[in-house]
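> Input work_32.tsv, format and content: TSV, N, CA, C and O atoms.
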```
chain	number	residue	atom	x	y	z
A	1	GLY	N	0.81	-1.19	0.00
A	1	GLY	CA	0.00	0.00	0.00
A	1	GLY	C	0.85	1.26	0.00
A	1	GLY	O	2.06	1.22	0.18
A	2	ASP	N	0.20	2.38	-0.22
A	2	ASP	CA	0.88	3.67	-0.23
A	2	ASP	C	1.30	4.07	1.19
A	2	ASP	O	0.55	3.91	2.14
A	3	LEU	N	2.50	4.62	1.30
A	3	LEU	CA	3.03	5.10	2.57
A	3	LEU	C	2.53	6.52	2.82
A	3	LEU	O	2.62	7.37	1.94
A	4	LEU	N	2.01	6.77	4.02
A	4	LEU	CA	1.58	8.12	4.37
A	4	LEU	C	2.80	8.92	4.79
A	4	LEU	O	3.51	8.54	5.71
A	5	PRO	N	3.06	10.06	4.13
A	5	PRO	CA	4.27	10.83	4.40
A	5	PRO	C	4.13	11.83	5.55
A	5	PRO	O	5.11	12.44	5.95
A	6	ALA	N	2.91	12.02	6.06
A	6	ALA	CA	2.68	13.03	7.09
A	6	ALA	C	1.52	12.61	7.99
A	6	ALA	O	0.71	11.77	7.61
A	7	ASP	N	1.44	13.22	9.17
A	7	ASP	CA	0.28	13.03	10.05
A	7	ASP	C	-0.84	13.92	9.53
A	7	ASP	O	-0.58	14.99	8.97
A	8	GLY	N	-2.08	13.50	9.76
A	8	GLY	CA	-3.19	14.33	9.32
A	8	GLY	C	-4.53	13.84	9.86
A	8	GLY	O	-4.61	12.82	10.55
A	9	VAL	N	-5.56	14.59	9.50
A	9	VAL	CA	-6.93	14.27	9.88
A	9	VAL	C	-7.71	13.97	8.62
A	9	VAL	O	-7.69	14.77	7.67
A	10	LEU	N	-8.38	12.85	8.61
A	10	LEU	CA	-9.18	12.43	7.46
A	10	LEU	C	-10.35	13.39	7.26
A	10	LEU	O	-11.08	13.68	8.21
A	11	ILE	N	-10.52	13.90	6.05
A	11	ILE	CA	-11.65	14.79	5.75
A	11	ILE	C	-12.60	14.17	4.73
A	11	ILE	O	-13.73	14.62	4.58
A	12	GLN	N	-12.12	13.13	4.03
A	12	GLN	CA	-12.97	12.42	3.07
A	12	GLN	C	-12.39	11.03	2.93
A	12	GLN	O	-11.18	10.87	2.73
A	13	GLY	N	-13.23	10.00	3.04
A	13	GLY	CA	-12.71	8.65	2.93
A	13	GLY	C	-13.70	7.69	2.32
A	13	GLY	O	-14.92	7.90	2.41
A	14	ASN	N	-13.17	6.65	1.70
A	14	ASN	CA	-13.99	5.63	1.08
A	14	ASN	C	-13.43	4.26	1.46
A	14	ASN	O	-12.45	3.82	0.89
A	15	ASP	N	-14.03	3.62	2.46
A	15	ASP	CA	-13.63	2.28	2.93
A	15	ASP	C	-12.12	2.22	3.18
A	15	ASP	O	-11.44	1.33	2.69
A	16	LEU	N	-11.60	3.17	3.93
A	16	LEU	CA	-10.17	3.30	4.17
A	16	LEU	C	-9.70	2.38	5.29
A	16	LEU	O	-10.25	2.41	6.39
A	17	LYS	N	-8.70	1.55	4.98
A	17	LYS	CA	-8.09	0.68	5.98
A	17	LYS	C	-6.58	0.92	5.97
A	17	LYS	O	-5.96	0.95	4.91
A	18	ILE	N	-6.02	1.10	7.15
A	18	ILE	CA	-4.62	1.47	7.33
A	18	ILE	C	-3.88	0.39	8.10
A	18	ILE	O	-4.39	-0.15	9.07
A	19	ASP	N	-2.66	0.09	7.67
A	19	ASP	CA	-1.76	-0.81	8.40
A	19	ASP	C	-0.88	0.05	9.30
A	19	ASP	O	0.03	0.73	8.82
A	20	GLU	N	-1.17	0.06	10.60
A	20	GLU	CA	-0.42	0.87	11.56
A	20	GLU	C	0.64	0.06	12.31
A	20	GLU	O	1.17	0.51	13.32
A	21	SER	N	0.97	-1.12	11.80
A	21	SER	CA	1.88	-2.01	12.52
A	21	SER	C	3.27	-1.41	12.71
A	21	SER	O	3.96	-1.74	13.68
A	22	ALA	N	3.69	-0.51	11.82
A	22	ALA	CA	5.01	0.11	11.96
A	22	ALA	C	5.10	0.94	13.24
A	22	ALA	O	6.18	1.07	13.83
A	23	LEU	N	3.98	1.51	13.68
A	23	LEU	CA	3.98	2.34	14.89
A	23	LEU	C	3.44	1.61	16.11
A	23	LEU	O	3.93	1.82	17.22
A	24	THR	N	2.42	0.79	15.92
A	24	THR	CA	1.73	0.19	17.07
A	24	THR	C	2.09	-1.27	17.31
A	24	THR	O	1.87	-1.77	18.40
A	25	GLY	N	2.58	-1.95	16.27
A	25	GLY	CA	2.83	-3.38	16.39
A	25	GLY	C	1.59	-4.22	16.15
A	25	GLY	O	1.66	-5.44	16.08
A	26	GLU	N	0.44	-3.58	16.01
A	26	GLU	CA	-0.82	-4.28	15.77
A	26	GLU	C	-0.89	-4.72	14.32
A	26	GLU	O	-0.76	-3.91	13.42
A	27	SER	N	-1.10	-6.02	14.10
A	27	SER	CA	-1.07	-6.55	12.74
A	27	SER	C	-2.38	-6.37	11.98
A	27	SER	O	-2.41	-6.42	10.76
A	28	ASP	N	-3.49	-6.16	12.70
A	28	ASP	CA	-4.79	-5.96	12.03
A	28	ASP	C	-4.86	-4.59	11.39
A	28	ASP	O	-4.34	-3.61	11.93
A	29	HIS	N	-5.52	-4.53	10.25
A	29	HIS	CA	-5.72	-3.24	9.58
A	29	HIS	C	-6.78	-2.45	10.34
A	29	HIS	O	-7.75	-3.01	10.83
A	30	VAL	N	-6.59	-1.13	10.42
A	30	VAL	CA	-7.49	-0.26	11.17
A	30	VAL	C	-8.38	0.49	10.20
A	30	VAL	O	-7.88	1.16	9.28
A	31	ARG	N	-9.69	0.37	10.40
A	31	ARG	CA	-10.64	1.09	9.55
A	31	ARG	C	-10.71	2.54	10.03
A	31	ARG	O	-10.90	2.81	11.21
A	32	LYS	N	-10.57	3.47	9.09
A	32	LYS	CA	-10.62	4.89	9.40
A	32	LYS	C	-11.86	5.50	8.77
A	32	LYS	O	-12.23	5.16	7.65
A	33	SER	N	-12.52	6.39	9.51
A	33	SER	CA	-13.68	7.08	8.97
A	33	SER	C	-13.76	8.46	9.62
A	33	SER	O	-13.06	8.74	10.59
A	34	LEU	N	-14.62	9.31	9.07
A	34	LEU	CA	-14.77	10.65	9.61
A	34	LEU	C	-15.34	10.61	11.02
A	34	LEU	O	-14.99	11.45	11.86
A	35	ASP	N	-16.22	9.66	11.30
A	35	ASP	CA	-16.88	9.57	12.60
A	35	ASP	C	-16.05	8.84	13.65
A	35	ASP	O	-16.14	9.14	14.83
A	36	LYS	N	-15.26	7.87	13.21
A	36	LYS	CA	-14.52	7.03	14.15
A	36	LYS	C	-13.06	6.95	13.73
A	36	LYS	O	-12.75	6.48	12.65
A	37	ASP	N	-12.17	7.43	14.58
A	37	ASP	CA	-10.72	7.34	14.37
A	37	ASP	C	-10.26	8.00	13.06
A	37	ASP	O	-9.76	7.32	12.16
A	38	PRO	N	-10.41	9.32	12.94
A	38	PRO	CA	-10.02	10.01	11.70
A	38	PRO	C	-8.53	10.38	11.62
A	38	PRO	O	-8.12	10.98	10.63
A	39	LEU	N	-7.73	10.05	12.64
A	39	LEU	CA	-6.32	10.44	12.63
A	39	LEU	C	-5.48	9.47	11.80
A	39	LEU	O	-5.55	8.25	11.99
A	40	LEU	N	-4.67	10.03	10.90
A	40	LEU	CA	-3.77	9.24	10.06
A	40	LEU	C	-2.35	9.59	10.45
A	40	LEU	O	-2.03	10.77	10.66
A	41	LEU	N	-1.49	8.59	10.56
A	41	LEU	CA	-0.14	8.80	11.04
A	41	LEU	C	0.91	8.49	9.98
A	41	LEU	O	0.77	7.52	9.23
A	42	SER	N	1.93	9.32	9.92
A	42	SER	CA	3.01	9.09	8.96
A	42	SER	C	3.71	7.78	9.26
A	42	SER	O	3.77	7.34	10.41
A	43	GLY	N	4.20	7.15	8.23
A	43	GLY	CA	4.87	5.87	8.38
A	43	GLY	C	3.94	4.68	8.32
A	43	GLY	O	4.39	3.54	8.35
A	44	THR	N	2.63	4.93	8.23
A	44	THR	CA	1.67	3.84	8.10
A	44	THR	C	1.31	3.67	6.62
A	44	THR	O	1.61	4.53	5.80
A	45	HIS	N	0.70	2.54	6.30
A	45	HIS	CA	0.40	2.22	4.90
A	45	HIS	C	-1.10	2.09	4.67
A	45	HIS	O	-1.80	1.49	5.47
A	46	VAL	N	-1.57	2.64	3.55
A	46	VAL	CA	-2.95	2.46	3.11
A	46	VAL	C	-3.06	1.08	2.48
A	46	VAL	O	-2.34	0.77	1.53
A	47	MET	N	-3.94	0.25	3.01
A	47	MET	CA	-4.10	-1.10	2.49
A	47	MET	C	-5.33	-1.25	1.60
A	47	MET	O	-5.34	-2.04	0.68
A	48	GLU	N	-6.38	-0.49	1.92
A	48	GLU	CA	-7.62	-0.53	1.12
A	48	GLU	C	-8.25	0.84	1.12
A	48	GLU	O	-8.05	1.63	2.04
A	49	GLY	N	-9.02	1.12	0.08
A	49	GLY	CA	-9.79	2.33	0.02
A	49	GLY	C	-8.99	3.55	-0.40
A	49	GLY	O	-7.86	3.45	-0.89
A	50	SER	N	-9.60	4.70	-0.20
A	50	SER	CA	-8.97	5.97	-0.56
A	50	SER	C	-9.46	7.05	0.39
A	50	SER	O	-10.43	6.86	1.12
A	51	GLY	N	-8.77	8.18	0.36
A	51	GLY	CA	-9.19	9.27	1.22
A	51	GLY	C	-8.38	10.52	0.99
A	51	GLY	O	-7.39	10.52	0.27
A	52	ARG	N	-8.83	11.60	1.63
A	52	ARG	CA	-8.13	12.87	1.64
A	52	ARG	C	-7.95	13.28	3.08
A	52	ARG	O	-8.81	13.03	3.92
A	53	MET	N	-6.82	13.96	3.34
A	53	MET	CA	-6.58	14.40	4.71
A	53	MET	C	-6.01	15.81	4.72
A	53	MET	O	-5.44	16.26	3.73
A	54	VAL	N	-6.18	16.46	5.86
A	54	VAL	CA	-5.53	17.75	6.11
A	54	VAL	C	-4.28	17.42	6.91
A	54	VAL	O	-4.35	16.77	7.95
A	55	VAL	N	-3.13	17.84	6.40
A	55	VAL	CA	-1.86	17.55	7.06
A	55	VAL	C	-1.74	18.38	8.33
A	55	VAL	O	-1.98	19.58	8.33
A	56	THR	N	-1.36	17.71	9.43
A	56	THR	CA	-1.20	18.39	10.72
A	56	THR	C	0.25	18.45	11.17
A	56	THR	O	0.60	19.30	11.98
A	57	ALA	N	1.10	17.52	10.69
A	57	ALA	CA	2.50	17.52	11.09
A	57	ALA	C	3.34	16.75	10.08
A	57	ALA	O	2.87	15.78	9.49
A	58	VAL	N	4.58	17.22	9.89
A	58	VAL	CA	5.52	16.54	9.00
A	58	VAL	C	6.88	16.44	9.68
A	58	VAL	O	7.16	17.17	10.64
A	59	GLY	N	7.73	15.58	9.15
A	59	GLY	CA	9.11	15.47	9.63
A	59	GLY	C	9.22	15.16	11.11
A	59	GLY	O	8.50	14.30	11.62
A	60	VAL	N	10.09	15.86	11.81
A	60	VAL	CA	10.34	15.59	13.23
A	60	VAL	C	9.14	15.96	14.11
A	60	VAL	O	9.09	15.55	15.27
A	61	ASN	N	8.17	16.69	13.58
A	61	ASN	CA	6.97	17.04	14.34
A	61	ASN	C	5.87	16.00	14.24
A	61	ASN	O	4.89	16.06	14.98
A	62	SER	N	6.01	15.03	13.33
A	62	SER	CA	5.02	13.97	13.20
A	62	SER	C	5.23	12.93	14.30
A	62	SER	O	6.26	12.92	14.98
A	63	GLN	N	4.26	12.05	14.47
A	63	GLN	CA	4.38	11.02	15.51
A	63	GLN	C	5.58	10.12	15.28
A	63	GLN	O	6.32	9.82	16.21
A	64	SER	N	5.80	9.70	14.04
A	64	SER	CA	6.97	8.85	13.78
A	64	SER	C	8.26	9.65	13.95
A	64	SER	O	9.26	9.13	14.43
A	65	GLY	N	8.25	10.94	13.60
A	65	GLY	CA	9.41	11.79	13.80
A	65	GLY	C	9.75	11.96	15.27
A	65	GLY	O	10.92	11.95	15.67
A	66	ILE	N	8.72	12.12	16.09
A	66	ILE	CA	8.93	12.23	17.54
A	66	ILE	C	9.52	10.94	18.09
A	66	ILE	O	10.46	10.97	18.91
A	67	ILE	N	9.01	9.80	17.63
A	67	ILE	CA	9.54	8.51	18.09
A	67	ILE	C	11.00	8.36	17.70
A	67	ILE	O	11.84	7.99	18.52
A	68	PHE	N	11.33	8.68	16.44
A	68	PHE	CA	12.72	8.57	15.99
A	68	PHE	C	13.64	9.51	16.76
A	68	PHE	O	14.77	9.17	17.08
A	69	THR	N	13.14	10.71	17.05
A	69	THR	CA	13.94	11.66	17.82
A	69	THR	C	14.22	11.13	19.22
A	69	THR	O	15.35	11.21	19.72
A	70	LEU	N	13.19	10.58	19.85
A	70	LEU	CA	13.37	10.03	21.20
A	70	LEU	C	14.32	8.84	21.20
A	70	LEU	O	15.04	8.62	22.18
A	71	LEU	N	14.33	8.10	20.12
A	71	LEU	CA	15.23	6.94	20.01
A	71	LEU	C	16.63	7.34	19.57
A	71	LEU	O	17.54	6.52	19.55
A	72	GLY	N	16.79	8.59	19.17
A	72	GLY	CA	18.09	9.06	18.71
A	72	GLY	C	18.43	8.60	17.31
A	72	GLY	O	19.59	8.51	16.93
A	73	ALA	N	17.41	8.32	16.50
A	73	ALA	CA	17.62	7.80	15.15
A	73	ALA	C	17.31	8.86	14.11
A	73	ALA	O	16.71	8.58	13.08
A	74	THR	N	17.70	10.11	14.35
A	74	THR	CA	17.36	11.20	13.44
A	74	THR	C	18.30	11.29	12.26
A	74	THR	O	18.07	12.03	11.33
A	75	GLY	N	19.44	10.59	12.31
A	75	GLY	CA	20.40	10.66	11.22
A	75	GLY	C	21.35	11.82	11.38
A	75	GLY	O	22.16	12.10	10.51
A	76	ASP	N	21.29	12.53	12.50
A	76	ASP	CA	22.18	13.67	12.77
A	76	ASP	C	23.49	13.13	13.32
A	76	ASP	O	23.55	12.64	14.43
A	77	ASP	N	24.56	13.22	12.54
A	77	ASP	CA	25.85	12.68	12.95
A	77	ASP	C	26.68	13.67	13.75
A	77	ASP	O	27.74	13.34	14.26
A	78	GLU	N	26.23	14.91	13.88
A	78	GLU	CA	27.00	15.93	14.59
A	78	GLU	C	27.25	15.52	16.04
A	78	GLU	O	28.35	15.68	16.56
A	79	GLY	N	26.24	15.01	16.71
A	79	GLY	CA	26.40	14.58	18.10
A	79	GLY	C	27.41	13.46	18.23
A	79	GLY	O	28.23	13.43	19.15
A	80	ASP	N	27.41	12.53	17.28
A	80	ASP	CA	28.35	11.42	17.31
A	80	ASP	C	29.78	11.92	17.12
A	80	ASP	O	30.69	11.46	17.78
A	81	LYS	N	29.97	12.88	16.24
A	81	LYS	CA	31.32	13.42	15.98
A	81	LYS	C	31.86	14.13	17.23
A	81	LYS	O	33.02	13.97	17.58
A	82	ARG	N	30.99	14.89	17.90
A	82	ARG	CA	31.44	15.59	19.12
A	82	ARG	C	31.82	14.59	20.19
A	82	ARG	O	32.78	14.76	20.91
A	83	ASP	N	31.01	13.53	20.33
A	83	ASP	CA	31.29	12.53	21.37
A	83	ASP	C	32.63	11.84	21.13
A	83	ASP	O	33.36	11.59	22.08
A	84	ARG	N	32.93	11.54	19.90
A	84	ARG	CA	34.19	10.85	19.59
A	84	ARG	C	35.40	11.74	19.81
A	84	ARG	O	36.45	11.28	20.17
A	85	LYS	N	35.23	13.04	19.61
A	85	LYS	CA	36.34	13.96	19.79
A	85	LYS	C	36.50	14.39	21.25
A	85	LYS	O	37.45	15.06	21.58
A	86	GLY	N	35.52	14.01	22.07
A	86	GLY	CA	35.62	14.33	23.47
A	86	GLY	C	35.16	15.74	23.79
A	86	GLY	O	35.47	16.27	24.84
A	87	GLY	N	34.40	16.37	22.91
A	87	GLY	CA	33.96	17.72	23.17
A	87	GLY	C	32.58	17.90	22.86
A	87	GLY	O	31.77	18.59	23.03
```
Using the file provided, produce a representation of the structure as structure tokens.

Amino acid sequence: GDLLPADGVLIQGNDLKIDESALTGESDHVRKSLDKDPLLLSGTHVMEGSGRMVVTAVGVNSQSGIIFTLLGATGDDEGDKRDRKGG
């Protein structure tokens, strides 16, 4: 399925099912609708249906970006270079 590049809120959907296993570990697909669970998260995959969303966060401000930042997996090598040089 298509990878969602940003966090957002669903504003239009047609039988939308999302694979959120990358973030939650849950293997079941999650049905998204305007009435129930309209939040879409970056790093998840669309498995069925279609939809439109209003983007609420991208990059390090998205939920997956926050997780990567907390894990120290941002790809920023500057901190590593300083640590090796002792400064």
> Go through chain A and collect every residue that DSSP, computed from the backbone, puts in alpha helix (DSSP H); the answer should be as JSON, numbers by chain.
{"A": [21, 22, 23, 24, 63, 64, 65, 66, 67, 68, 69, 70, 71, 78, 79, 80, 81, 82, 83, 84, 85]}
> Name all residues at most 6 Å from Asp7 of chain A (count all atoms listed in the file; drop same-chain ones fewer than 4 positions away) and give them as a PDB file with N, CA, C and O atoms, keeping the file's coordinate frame.

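part.pdb, freshly written:
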```pdb
ATOM      1  N   LEU A  40      -4.670  10.030  10.900  1.00  0.00           N
ATOM      2  CA  LEU A  40      -3.770   9.240  10.060  1.00  0.00           C
ATOM      3  C   LEU A  40      -2.350   9.590  10.450  1.00  0.00           C
ATOM      4  O   LEU A  40      -2.030  10.770  10.660  1.00  0.00           O
ATOM      5  N   LEU A  41      -1.490   8.590  10.560  1.00  0.00           N
ATOM      6  CA  LEU A  41      -0.140   8.800  11.040  1.00  0.00           C
ATOM      7  C   LEU A  41       0.910   8.490   9.980  1.00  0.00           C
ATOM      8  O   LEU A  41       0.770   7.520   9.230  1.00  0.00           O
ATOM      9  N   SER A  42       1.930   9.320   9.920  1.00  0.00           N
ATOM     10  CA  SER A  42       3.010   9.090   8.960  1.00  0.00           C
ATOM     11  C   SER A  42       3.710   7.780   9.260  1.00  0.00           C
ATOM     12  O   SER A  42       3.770   7.340  10.410  1.00  0.00           O
ATOM     13  N   VAL A  54      -6.180  16.460   5.860  1.00  0.00           N
ATOM     14  CA  VAL A  54      -5.530  17.750   6.110  1.00  0.00           C
ATOM     15  C   VAL A  54      -4.280  17.420   6.910  1.00  0.00           C
ATOM     16  O   VAL A  54      -4.350  16.770   7.950  1.00  0.00           O
ATOM     17  N   VAL A  55      -3.130  17.840   6.400  1.00  0.00           N
ATOM     18  CA  VAL A  55      -1.860  17.550   7.060  1.00  0.00           C
ATOM     19  C   VAL A  55      -1.740  18.380   8.330  1.00  0.00           C
ATOM     20  O   VAL A  55      -1.980  19.580   8.330  1.00  0.00           O
ATOM     21  N   THR A  56      -1.360  17.710   9.430  1.00  0.00           N
ATOM     22  CA  THR A  56      -1.200  18.390  10.720  1.00  0.00           C
ATOM     23  C   THR A  56       0.250  18.450  11.170  1.00  0.00           C
ATOM     24  O   THR A  56       0.600  19.300  11.980  1.00  0.00           O
ATOM     25  N   ALA A  57       1.100  17.520  10.690  1.00  0.00           N
ATOM     26  CA  ALA A  57       2.500  17.520  11.090  1.00  0.00           C
ATOM     27  C   ALA A  57       3.340  16.750  10.080  1.00  0.00           C
ATOM     28  O   ALA A  57       2.870  15.780   9.490  1.00  0.00           O
ATOM     29  N   VAL A  58       4.580  17.220   9.890  1.00  0.00           N
ATOM     30  CA  VAL A  58       5.520  16.540   9.000  1.00  0.00           C
ATOM     31  C   VAL A  58       6.880  16.440   9.680  1.00  0.00           C
ATOM     32  O   VAL A  58       7.160  17.170  10.640  1.00  0.00           O
ATOM     33  N   SER A  62       6.010  15.030  13.330  1.00  0.00           N
ATOM     34  CA  SER A  62       5.020  13.970  13.200  1.00  0.00           C
ATOM     35  C   SER A  62       5.230  12.930  14.300  1.00  0.00           C
ATOM     36  O   SER A  62       6.260  12.920  14.980  1.00  0.00           O
TER      37      SER A  62
END
```
> Write down as number ranges by chain the residues belonging to chain A that are assigned strand (DSSP E) by DSSP computed on the backbone.
A: 2-3, 7-19, 30-32, 39-40, 45-57
> Would you save the residues from that selection as a compact mmCIF listing (two decimals), in the coordinates of the input, using N, CA, C and O atoms?

```
# COMPACT_ATOMS: atom_id res chain seq x y z
N ASP A 2 0.20 2.38 -0.22
CA ASP A 2 0.88 3.67 -0.23
C ASP A 2 1.30 4.07 1.19
O ASP A 2 0.55 3.91 2.14
N LEU A 3 2.50 4.62 1.30
CA LEU A 3 3.03 5.10 2.57
C LEU A 3 2.53 6.52 2.82
O LEU A 3 2.62 7.37 1.94
N ASP A 7 1.44 13.22 9.17
CA ASP A 7 0.28 13.03 10.05
C ASP A 7 -0.84 13.92 9.53
O ASP A 7 -0.58 14.99 8.97
N GLY A 8 -2.08 13.50 9.76
CA GLY A 8 -3.19 14.33 9.32
C GLY A 8 -4.53 13.84 9.86
O GLY A 8 -4.61 12.82 10.55
N VAL A 9 -5.56 14.59 9.50
CA VAL A 9 -6.93 14.27 9.88
C VAL A 9 -7.71 13.97 8.62
O VAL A 9 -7.69 14.77 7.67
N LEU A 10 -8.38 12.85 8.61
CA LEU A 10 -9.18 12.43 7.46
C LEU A 10 -10.35 13.39 7.26
O LEU A 10 -11.08 13.68 8.21
N ILE A 11 -10.52 13.90 6.05
CA ILE A 11 -11.65 14.79 5.75
C ILE A 11 -12.60 14.17 4.73
O ILE A 11 -13.73 14.62 4.58
N GLN A 12 -12.12 13.13 4.03
CA GLN A 12 -12.97 12.42 3.07
C GLN A 12 -12.39 11.03 2.93
O GLN A 12 -11.18 10.87 2.73
N GLY A 13 -13.23 10.00 3.04
CA GLY A 13 -12.71 8.65 2.93
C GLY A 13 -13.70 7.69 2.32
O GLY A 13 -14.92 7.90 2.41
N ASN A 14 -13.17 6.65 1.70
CA ASN A 14 -13.99 5.63 1.08
C ASN A 14 -13.43 4.26 1.46
O ASN A 14 -12.45 3.82 0.89
N ASP A 15 -14.03 3.62 2.46
CA ASP A 15 -13.63 2.28 2.93
C ASP A 15 -12.12 2.22 3.18
O ASP A 15 -11.44 1.33 2.69
N LEU A 16 -11.60 3.17 3.93
CA LEU A 16 -10.17 3.30 4.17
C LEU A 16 -9.70 2.38 5.29
O LEU A 16 -10.25 2.41 6.39
N LYS A 17 -8.70 1.55 4.98
CA LYS A 17 -8.09 0.68 5.98
C LYS A 17 -6.58 0.92 5.97
O LYS A 17 -5.96 0.95 4.91
N ILE A 18 -6.02 1.10 7.15
CA ILE A 18 -4.62 1.47 7.33
C ILE A 18 -3.88 0.39 8.10
O ILE A 18 -4.39 -0.15 9.07
N ASP A 19 -2.66 0.09 7.67
CA ASP A 19 -1.76 -0.81 8.40
C ASP A 19 -0.88 0.05 9.30
O ASP A 19 0.03 0.73 8.82
N VAL A 30 -6.59 -1.13 10.42
CA VAL A 30 -7.49 -0.26 11.17
C VAL A 30 -8.38 0.49 10.20
O VAL A 30 -7.88 1.16 9.28
N ARG A 31 -9.69 0.37 10.40
CA ARG A 31 -10.64 1.09 9.55
C ARG A 31 -10.71 2.54 10.03
O ARG A 31 -10.90 2.81 11.21
N LYS A 32 -10.57 3.47 9.09
CA LYS A 32 -10.62 4.89 9.40
C LYS A 32 -11.86 5.50 8.77
O LYS A 32 -12.23 5.16 7.65
N LEU A 39 -7.73 10.05 12.64
CA LEU A 39 -6.32 10.44 12.63
C LEU A 39 -5.48 9.47 11.80
O LEU A 39 -5.55 8.25 11.99
N LEU A 40 -4.67 10.03 10.90
CA LEU A 40 -3.77 9.24 10.06
C LEU A 40 -2.35 9.59 10.45
O LEU A 40 -2.03 10.77 10.66
N HIS A 45 0.70 2.54 6.30
CA HIS A 45 0.40 2.22 4.90
C HIS A 45 -1.10 2.09 4.67
O HIS A 45 -1.80 1.49 5.47
N VAL A 46 -1.57 2.64 3.55
CA VAL A 46 -2.95 2.46 3.11
C VAL A 46 -3.06 1.08 2.48
O VAL A 46 -2.34 0.77 1.53
N MET A 47 -3.94 0.25 3.01
CA MET A 47 -4.10 -1.10 2.49
C MET A 47 -5.33 -1.25 1.60
O MET A 47 -5.34 -2.04 0.68
N GLU A 48 -6.38 -0.49 1.92
CA GLU A 48 -7.62 -0.53 1.12
C GLU A 48 -8.25 0.84 1.12
O GLU A 48 -8.05 1.63 2.04
N GLY A 49 -9.02 1.12 0.08
CA GLY A 49 -9.79 2.33 0.02
C GLY A 49 -8.99 3.55 -0.40
O GLY A 49 -7.86 3.45 -0.89
N SER A 50 -9.60 4.70 -0.20
CA SER A 50 -8.97 5.97 -0.56
C SER A 50 -9.46 7.05 0.39
O SER A 50 -10.43 6.86 1.12
N GLY A 51 -8.77 8.18 0.36
CA GLY A 51 -9.19 9.27 1.22
C GLY A 51 -8.38 10.52 0.99
O GLY A 51 -7.39 10.52 0.27
N ARG A 52 -8.83 11.60 1.63
CA ARG A 52 -8.13 12.87 1.64
C ARG A 52 -7.95 13.28 3.08
O ARG A 52 -8.81 13.03 3.92
N MET A 53 -6.82 13.96 3.34
CA MET A 53 -6.58 14.40 4.71
C MET A 53 -6.01 15.81 4.72
O MET A 53 -5.44 16.26 3.73
N VAL A 54 -6.18 16.46 5.86
CA VAL A 54 -5.53 17.75 6.11
C VAL A 54 -4.28 17.42 6.91
O VAL A 54 -4.35 16.77 7.95
N VAL A 55 -3.13 17.84 6.40
CA VAL A 55 -1.86 17.55 7.06
C VAL A 55 -1.74 18.38 8.33
O VAL A 55 -1.98 19.58 8.33
N THR A 56 -1.36 17.71 9.43
CA THR A 56 -1.20 18.39 10.72
C THR A 56 0.25 18.45 11.17
O THR A 56 0.60 19.30 11.98
N ALA A 57 1.10 17.52 10.69
CA ALA A 57 2.50 17.52 11.09
C ALA A 57 3.34 16.75 10.08
O ALA A 57 2.87 15.78 9.49
```
> Pick out the closest residue to Leu39 of chain A from this set: A:Pro5, A:Leu10, A:Leu70, A:Met53. Count all atoms listed in the file.
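Closest candidate: A:Leu10.
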> Between atom CA of Gly59 of chain A and atom CA of Glu20 of chain A, what is the distance, to one decimal in Å?
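Spanning atom CA of Gly59 of chain A to atom CA of Glu20 of chain A is a straight-line distance of 17.5 Å.
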> What is the atom O of Thr69 of chain A to atom O of His29 of chain A distance in Å?
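Pair atom O of Thr69 of chain A / atom O of His29 of chain A returns 28.5 Å.
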> Can you measure atom CA of Ala6 of chain A to atom C of Gly65 of chain A for me? One decimal in Å is fine.
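It comes out at 10.9 Å.
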> Could you tell me which of A:Val60, A:Ile11, A:Leu23, A:Ile18 comes closest to Pro38 of chain A if we count all atoms listed in the file?
A:Ile11
> Need the shell around Gly43 of chain A: protein/DNA/RNA residues with any atom at most 7 Å away, counting only C-alpha atoms. Skip same-chain ones fewer than 3 positions apart. Format as a list in words?
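My reading of the contact set: Leu3, Leu4, Pro5, Ala22 and Ser64 of chain A.
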> Could you check the closest approach to Ser33 of chain A for each of A:Leu71, A:Gln63, A:Leu16, A:Arg52 and tell me which residue wins, using all atoms listed in the file?
A:Leu16
> My list of candidates is A:Met47, A:Ile66, A:Ser27, A:Asp2. Which is closest to Asp15 of chain A when distances are computed with all atoms listed in the file?
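With all atoms listed in the file as the atom set, the closest residue is A:Met47.
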> Have a look at A:Gly8, A:Gly25, A:Gly72, A:Gly1 and name the one nearest to His45 of chain A; count all atoms listed in the file.
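Going through A:Gly8, A:Gly25, A:Gly72, A:Gly1 one by one, the smallest distance to His45 of chain A is for A:Gly1.
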